[in-house]
Structure formats: structure tokens, C-alpha cells
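Inspection log for the structure reproduced underneath, given as C-alpha cells.
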Amino acid sequence: MNKCRLCHEEKKLEESHIVPKFLGKWLRKNSATGYLRSNEAPNMRRQDLFKIHLLCKACEDLISDDESYFANTIFHPYMNRPEASYHFAYDERLIRFCAGLSWRVLVYLTEHLNDEDNIEIQKYKLKLENFLLKKIPNLDQYEQHIIPLELNSQSPLNIKHSNVNSYFFRSVDIDLLDLKDERIIYIKIPNFIIIANINYKYISKMRASRVALKKGIIAPKNYYLPIEMYNYLDDRLTFIKENINDEISDVQTQKILEDIKKDPDRLMKSDTLKAIKADHYSSLSKPSK
Ligand SMILES: [Zn+2]
């Protein structure tokens, strides 16, 4: 018996996924090899994404209802849309999904990976816990944001980095960004960026991506990325290119090639190949300096 991290009751704890399980499944199903490799340890095959004992069964069920809502109403329809355009109406379950995810990510990063703590982080966690348990009706300044990402979009990041499509389309990445004592939680899942505000001064500029409390629409909009976020992504893409892609050892490369040889059709149909093709194409169209 342990204390559930959400309701704080002494109960048997379930193994919780920090990043929703359906995303791990989706990545495996659409990958060239059928396995996942994480950004932190590319030489390790990972069946699932960051699992820890965190919640009791009742709290886990509460959170997985919101995850199913996001998976069925936004994520899968967005990934399977027949044309580039999209228009999805959502209800109050979307902000609950984002809140549940950003809360879990923050707990994981600050209590399981690093012992980072301060009054702002504590206030965020407490507010989100009460919101998720339906004790309070809103989140005040702790806004949740979602930005849909489009393959081959014409952003300066696409022009500068050859790995941007692989990163946006295929990877999962989480971080607590500290921008001179102002903090936001950054969550990259395939094709979406989710941002949660702790105490960032310019969050009000990001109106287009703000998730409404009751209902709203996910559609193409002028999504605004603050310069600090843009610089962060710029550094992150450079770091991944220099450190992570090259870190996959020869043995691992051999294993990946063997998996592909065993089932070449899988590679041809996979999203890994689509993302590599898109990256290759955008790197060809890069302006020469
Ligand atoms: Zn609980």
C-alpha cells in the first residue's frame, strides 16, 4: 500500500504511463521496426513510455477517460484526416486531458527525475490536483495550450533543421522550461505540442493555442510561438541531431536493418519513412548560404 499521488489515499497503486499508452501503441504500429526507441536511450528498445507507480485505480480511470476522449476525438481523426485541412470541435474533456498530462509530466520530472521544487511548482500541482478531482471548476492562470503540427510546414525551423519532421511527427519529448524563473511545461507528442503555463509572462500572447474550459475548435490558426520557445526548439533539434541520432550503435543499426529486412512492407507503409522523406525533401530545398 502506498499513497496515491492524486487523491492522497492509501491504496494499491497501478503502474501509470506518464505519456498516454495509446501514443506508445500508435508509434509502434506506425514505426518501421515495430519498436520504440527513446530520445534518452536510443540503444534501448522501449515497449512503453515512462511507467511509474503513481495512481490508485479510481484516479487512473479518471485520467484514462480523458485520454480516450483525446485519442478518439482529436488525435486519431487528425492523423487519419484525408486532406491537409482539419476542423475538430471539442468539449471540456480536452482541457482535462491536457491538465492530467501536464500534471503527470511535472510530477515525473520534479519528483522522480530531479528533486526540483519551488513555491510556483507546488502551487501548480495543487491547483491541478483539485481540478482533476473535480473539486474546483477552473485553472485560473494555469492555462493549457495545444498546437497541431503539420508535416512540411514552412516554418524557419523546417528551413534550418533537417530533422524537424522526424522530431515533430515521430517523437515524444517532455521538459520543464525555465525561462529566467518563469516556467512552462513542454510536452511534444507525435504531431502536437502541448504547453502548460506555470508563471510565464507572455502566455497571453499565445491566445490561438489556448484550450477553452468548456468548448472550442481545433483548426488551422495563426499559432504563436514565443521567441523563447522558438529558441528552445532550435537548441533541442540541434542537440538531438548531434547527440542522439549518432548515438545509435552499429549493433543497434544492424538490428534495425534486420527488422526492416524481415518485413520490408512495414517500412514502406510506416510513418517513419514518411517523416524521413519529408526531412530529406525539406533539406534539399534549404537555401544555400
Ligand atoms: Zn487516487
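Residue numbering restarts at 1 for every chain of the C-alpha cells, chains are lettered A, B, ... in their displayed order, and ligands are numbered from 1 as they appear.
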
Using only C-alpha atoms and all ligand atoms, what are the residues with an atom within 7 Å of ligand 1, set out as a PyMOL selection string?
chain A and resi 4-9+55-59

Within 6 Å of region 170-178 of chain A, counting only C-alpha atoms, which residues qualify if same-chain residues fewer than 5 places away don't, as a count of residues only?
8

Here CA of Tyr90 (chain A) and CA of Ser31 (chain A) stand apart by 28.5 Å

Can you pull out the residues contacting Met79 (chain A)? Cut-off 12 Å, using only C-alpha atoms, and skip same-chain residues under 2 positions away; I want them as a PyMOL selection string.
chain A and resi 23+26-27+30+71-77+81-86+148-151+169-170+190-192+271

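By only C-alpha atoms, and with residues fewer than 5 positions from Asn2 (chain A) along its chain excluded, the set lying at most 7 Å from it is A:Glu10, A:Lys11, A:Lys12, A:Leu13.
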
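Rounded to one decimal, CA of Ser166 (chain A) and CA of Lys241 (chain A) lie 10.7 Å from each other.
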
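Distances to Trp103 (chain A) were evaluated for A:Glu143, A:Asp234, A:Glu129, A:Glu14 using only C-alpha atoms, and the minimum falls at A:Glu129.
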
Using DSSP assignments from the backbone, pull out every residue in region 59-219 of chain A that falls under alpha helix (DSSP H) and give it to me as a short mmCIF file (atom, residue, chain, number, x, y, z; two decimals) with N, CA and C atoms, in the first residue's frame.
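Below is the file part-v6.cif, written as the result:
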```cif
data_model
loop_
_atom_site.label_atom_id
_atom_site.label_comp_id
_atom_site.auth_asym_id
_atom_site.auth_seq_id
_atom_site.Cartn_x
_atom_site.Cartn_y
_atom_site.Cartn_z
N CYS A 59 -8.28 6.87 -9.65
CA CYS A 59 -7.66 8.04 -10.27
C CYS A 59 -7.15 7.72 -11.66
N GLU A 60 -6.60 6.51 -11.82
CA GLU A 60 -6.12 6.08 -13.13
C GLU A 60 -7.30 6.05 -14.13
N ASP A 61 -8.46 5.55 -13.68
CA ASP A 61 -9.65 5.50 -14.54
C ASP A 61 -10.11 6.91 -14.94
N LEU A 62 -10.07 7.82 -13.97
CA LEU A 62 -10.46 9.21 -14.21
C LEU A 62 -9.62 9.81 -15.34
N ILE A 63 -8.31 9.57 -15.24
CA ILE A 63 -7.39 10.13 -16.23
C ILE A 63 -7.50 9.41 -17.56
N SER A 64 -7.74 8.10 -17.53
CA SER A 64 -7.77 7.40 -18.83
C SER A 64 -9.04 7.70 -19.61
N ASP A 65 -10.13 8.10 -18.94
CA ASP A 65 -11.33 8.54 -19.67
C ASP A 65 -11.01 9.76 -20.54
N ASP A 66 -10.26 10.71 -19.96
CA ASP A 66 -9.89 11.92 -20.71
C ASP A 66 -8.92 11.59 -21.85
N GLU A 67 -8.04 10.62 -21.61
CA GLU A 67 -7.11 10.21 -22.66
C GLU A 67 -7.85 9.58 -23.84
N SER A 68 -8.84 8.73 -23.52
CA SER A 68 -9.61 8.10 -24.61
C SER A 68 -10.34 9.16 -25.41
N TYR A 69 -10.85 10.16 -24.71
CA TYR A 69 -11.55 11.25 -25.40
C TYR A 69 -10.60 11.94 -26.39
N PHE A 70 -9.40 12.29 -25.93
CA PHE A 70 -8.44 12.96 -26.81
C PHE A 70 -8.04 12.05 -27.98
N HIS A 76 -6.51 10.60 -33.32
CA HIS A 76 -6.65 9.70 -34.47
C HIS A 76 -7.33 10.37 -35.67
N PRO A 77 -8.44 11.13 -35.45
CA PRO A 77 -9.02 11.82 -36.61
C PRO A 77 -8.01 12.78 -37.28
N TYR A 78 -7.17 13.43 -36.47
CA TYR A 78 -6.18 14.35 -37.05
C TYR A 78 -5.14 13.58 -37.87
N MET A 79 -4.66 12.46 -37.32
CA MET A 79 -3.65 11.68 -38.03
C MET A 79 -4.21 11.04 -39.30
N ARG A 93 -13.59 17.98 -21.93
CA ARG A 93 -12.65 16.89 -21.67
C ARG A 93 -11.25 17.16 -22.24
N LEU A 94 -11.15 18.10 -23.22
CA LEU A 94 -9.81 18.37 -23.77
C LEU A 94 -8.91 19.06 -22.74
N ILE A 95 -9.44 20.04 -22.03
CA ILE A 95 -8.59 20.71 -21.03
C ILE A 95 -8.27 19.74 -19.89
N ARG A 96 -9.18 18.84 -19.59
CA ARG A 96 -8.89 17.83 -18.56
C ARG A 96 -7.77 16.90 -19.01
N PHE A 97 -7.80 16.54 -20.30
CA PHE A 97 -6.72 15.70 -20.83
C PHE A 97 -5.36 16.42 -20.71
N CYS A 98 -5.33 17.68 -21.16
CA CYS A 98 -4.07 18.44 -21.12
C CYS A 98 -3.62 18.64 -19.67
N ALA A 99 -4.57 18.92 -18.78
CA ALA A 99 -4.23 19.14 -17.38
C ALA A 99 -3.68 17.86 -16.75
N GLY A 100 -4.32 16.72 -17.05
CA GLY A 100 -3.87 15.45 -16.49
C GLY A 100 -2.47 15.09 -16.99
N LEU A 101 -2.23 15.38 -18.26
CA LEU A 101 -0.92 15.09 -18.85
C LEU A 101 0.16 16.02 -18.28
N SER A 102 -0.12 17.32 -18.23
CA SER A 102 0.92 18.25 -17.77
C SER A 102 1.20 18.04 -16.27
N TRP A 103 0.18 17.69 -15.51
CA TRP A 103 0.38 17.41 -14.08
C TRP A 103 1.28 16.18 -13.91
N ARG A 104 0.97 15.11 -14.66
CA ARG A 104 1.78 13.88 -14.57
C ARG A 104 3.22 14.13 -14.99
N VAL A 105 3.39 14.88 -16.07
CA VAL A 105 4.74 15.18 -16.55
C VAL A 105 5.51 15.98 -15.49
N LEU A 106 4.84 16.95 -14.89
CA LEU A 106 5.52 17.76 -13.86
C LEU A 106 5.90 16.91 -12.64
N VAL A 107 4.98 16.04 -12.21
CA VAL A 107 5.28 15.16 -11.09
C VAL A 107 6.47 14.26 -11.44
N ILE A 119 7.94 27.19 -4.83
CA ILE A 119 6.56 27.52 -4.46
C ILE A 119 5.64 27.54 -5.69
N GLU A 120 6.17 28.02 -6.84
CA GLU A 120 5.35 28.09 -8.06
C GLU A 120 4.97 26.69 -8.55
N ILE A 121 5.93 25.78 -8.49
CA ILE A 121 5.68 24.40 -8.92
C ILE A 121 4.66 23.74 -7.99
N GLN A 122 4.82 23.96 -6.69
CA GLN A 122 3.88 23.39 -5.72
C GLN A 122 2.46 23.91 -5.93
N LYS A 123 2.37 25.21 -6.19
CA LYS A 123 1.04 25.81 -6.40
C LYS A 123 0.37 25.21 -7.64
N TYR A 124 1.16 25.03 -8.69
CA TYR A 124 0.63 24.43 -9.93
C TYR A 124 0.09 23.03 -9.65
N LYS A 125 0.90 22.22 -8.99
CA LYS A 125 0.49 20.83 -8.74
C LYS A 125 -0.80 20.77 -7.93
N LEU A 126 -0.87 21.58 -6.89
CA LEU A 126 -2.05 21.56 -6.02
C LEU A 126 -3.31 21.98 -6.78
N LYS A 127 -3.18 23.05 -7.54
CA LYS A 127 -4.33 23.54 -8.32
C LYS A 127 -4.81 22.45 -9.29
N LEU A 128 -3.86 21.86 -10.00
CA LEU A 128 -4.22 20.83 -11.00
C LEU A 128 -4.84 19.60 -10.34
N GLU A 129 -4.33 19.23 -9.17
CA GLU A 129 -4.89 18.07 -8.46
C GLU A 129 -6.36 18.33 -8.13
N ASN A 130 -6.65 19.50 -7.60
CA ASN A 130 -8.03 19.83 -7.24
C ASN A 130 -8.94 19.90 -8.47
N PHE A 131 -8.38 20.40 -9.57
CA PHE A 131 -9.15 20.46 -10.81
C PHE A 131 -9.45 19.05 -11.35
N LEU A 132 -8.42 18.20 -11.36
CA LEU A 132 -8.60 16.84 -11.88
C LEU A 132 -9.57 16.03 -11.03
N PRO A 156 10.55 28.69 -39.99
CA PRO A 156 12.01 28.83 -40.03
C PRO A 156 12.73 27.59 -39.48
N LEU A 157 12.07 26.86 -38.57
CA LEU A 157 12.69 25.65 -38.02
C LEU A 157 12.83 24.58 -39.11
N ASN A 158 11.81 24.47 -39.97
CA ASN A 158 11.87 23.49 -41.06
C ASN A 158 13.00 23.82 -42.03
N ILE A 159 13.22 25.11 -42.22
CA ILE A 159 14.25 25.52 -43.18
C ILE A 159 15.64 25.27 -42.59
N LYS A 160 15.78 25.50 -41.29
CA LYS A 160 17.10 25.38 -40.66
C LYS A 160 17.49 23.94 -40.32
N VAL A 164 13.51 18.14 -38.42
CA VAL A 164 12.32 18.68 -37.77
C VAL A 164 11.08 17.81 -37.96
N ASN A 165 10.91 17.22 -39.14
CA ASN A 165 9.72 16.37 -39.34
C ASN A 165 9.78 15.09 -38.52
N SER A 166 10.96 14.47 -38.45
CA SER A 166 11.09 13.26 -37.62
C SER A 166 10.77 13.60 -36.17
N TYR A 167 11.26 14.76 -35.74
CA TYR A 167 11.03 15.17 -34.35
C TYR A 167 9.54 15.48 -34.11
N PHE A 168 8.95 16.28 -34.94
CA PHE A 168 7.55 16.68 -34.73
C PHE A 168 6.59 15.51 -34.91
N PHE A 169 6.87 14.66 -35.88
CA PHE A 169 5.91 13.64 -36.29
C PHE A 169 6.07 12.33 -35.53
N ARG A 170 7.30 12.02 -35.09
CA ARG A 170 7.57 10.67 -34.58
C ARG A 170 8.03 10.59 -33.13
#
```

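DSSP, applied to the backbone of this structure, assigns strand (DSSP E or B) to the following residues of region 52-189 of chain A: A:Ile52, A:His53, A:Leu54, A:Leu55, A:Cys56, A:Phe88, A:Ala89, A:Tyr90, A:Gln144, A:His145, A:Ile146, A:Ile147, A:Pro148, A:Asp173, A:Ile174, A:Asp175, A:Leu176, A:Leu177, A:Asp178, A:Leu179, A:Glu182, A:Arg183, A:Ile184, A:Ile185, A:Tyr186, A:Ile187, A:Lys188, A:Ile189.
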
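In this comparison, which uses only C-alpha atoms, the residue of A:Pro137, A:Pro264, A:Pro20, A:Pro220 approaching Phe88 (chain A) most closely is A:Pro220.
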
Residues within 7 Å of Ser209 (chain A), please, as a PyMOL selection string. Count only C-alpha atoms; anything in the same chain fewer than 6 positions from it doesn't count.
chain A and resi 145-147+223

Keeping only N, CA and C atoms, write those residues as a short mmCIF file (atom, residue, chain, number, x, y, z; two decimals), in the first residue's frame.
```
data_model
loop_
_atom_site.label_atom_id
_atom_site.label_comp_id
_atom_site.auth_asym_id
_atom_site.auth_seq_id
_atom_site.Cartn_x
_atom_site.Cartn_y
_atom_site.Cartn_z
N HIS A 145 -2.32 24.67 -23.39
CA HIS A 145 -2.28 25.03 -24.82
C HIS A 145 -2.01 23.81 -25.67
N ILE A 146 -2.58 23.81 -26.88
CA ILE A 146 -2.28 22.72 -27.80
C ILE A 146 -2.04 23.29 -29.20
N ILE A 147 -0.94 22.87 -29.82
CA ILE A 147 -0.59 23.34 -31.16
C ILE A 147 -0.47 22.13 -32.10
N TYR A 223 -0.96 30.18 -35.08
CA TYR A 223 -0.41 29.80 -33.78
C TYR A 223 0.87 30.58 -33.52
#
```

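Proximity of A:Lys201, A:Lys215, A:Arg207, A:Arg28 to Glu228 (chain A), computed with only C-alpha atoms, is greatest for A:Lys201.
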
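The closest residue to Ala219 (chain A), picked from A:Lys135, A:Glu15, A:Lys51, A:His87 and counting only C-alpha atoms, is A:His87.
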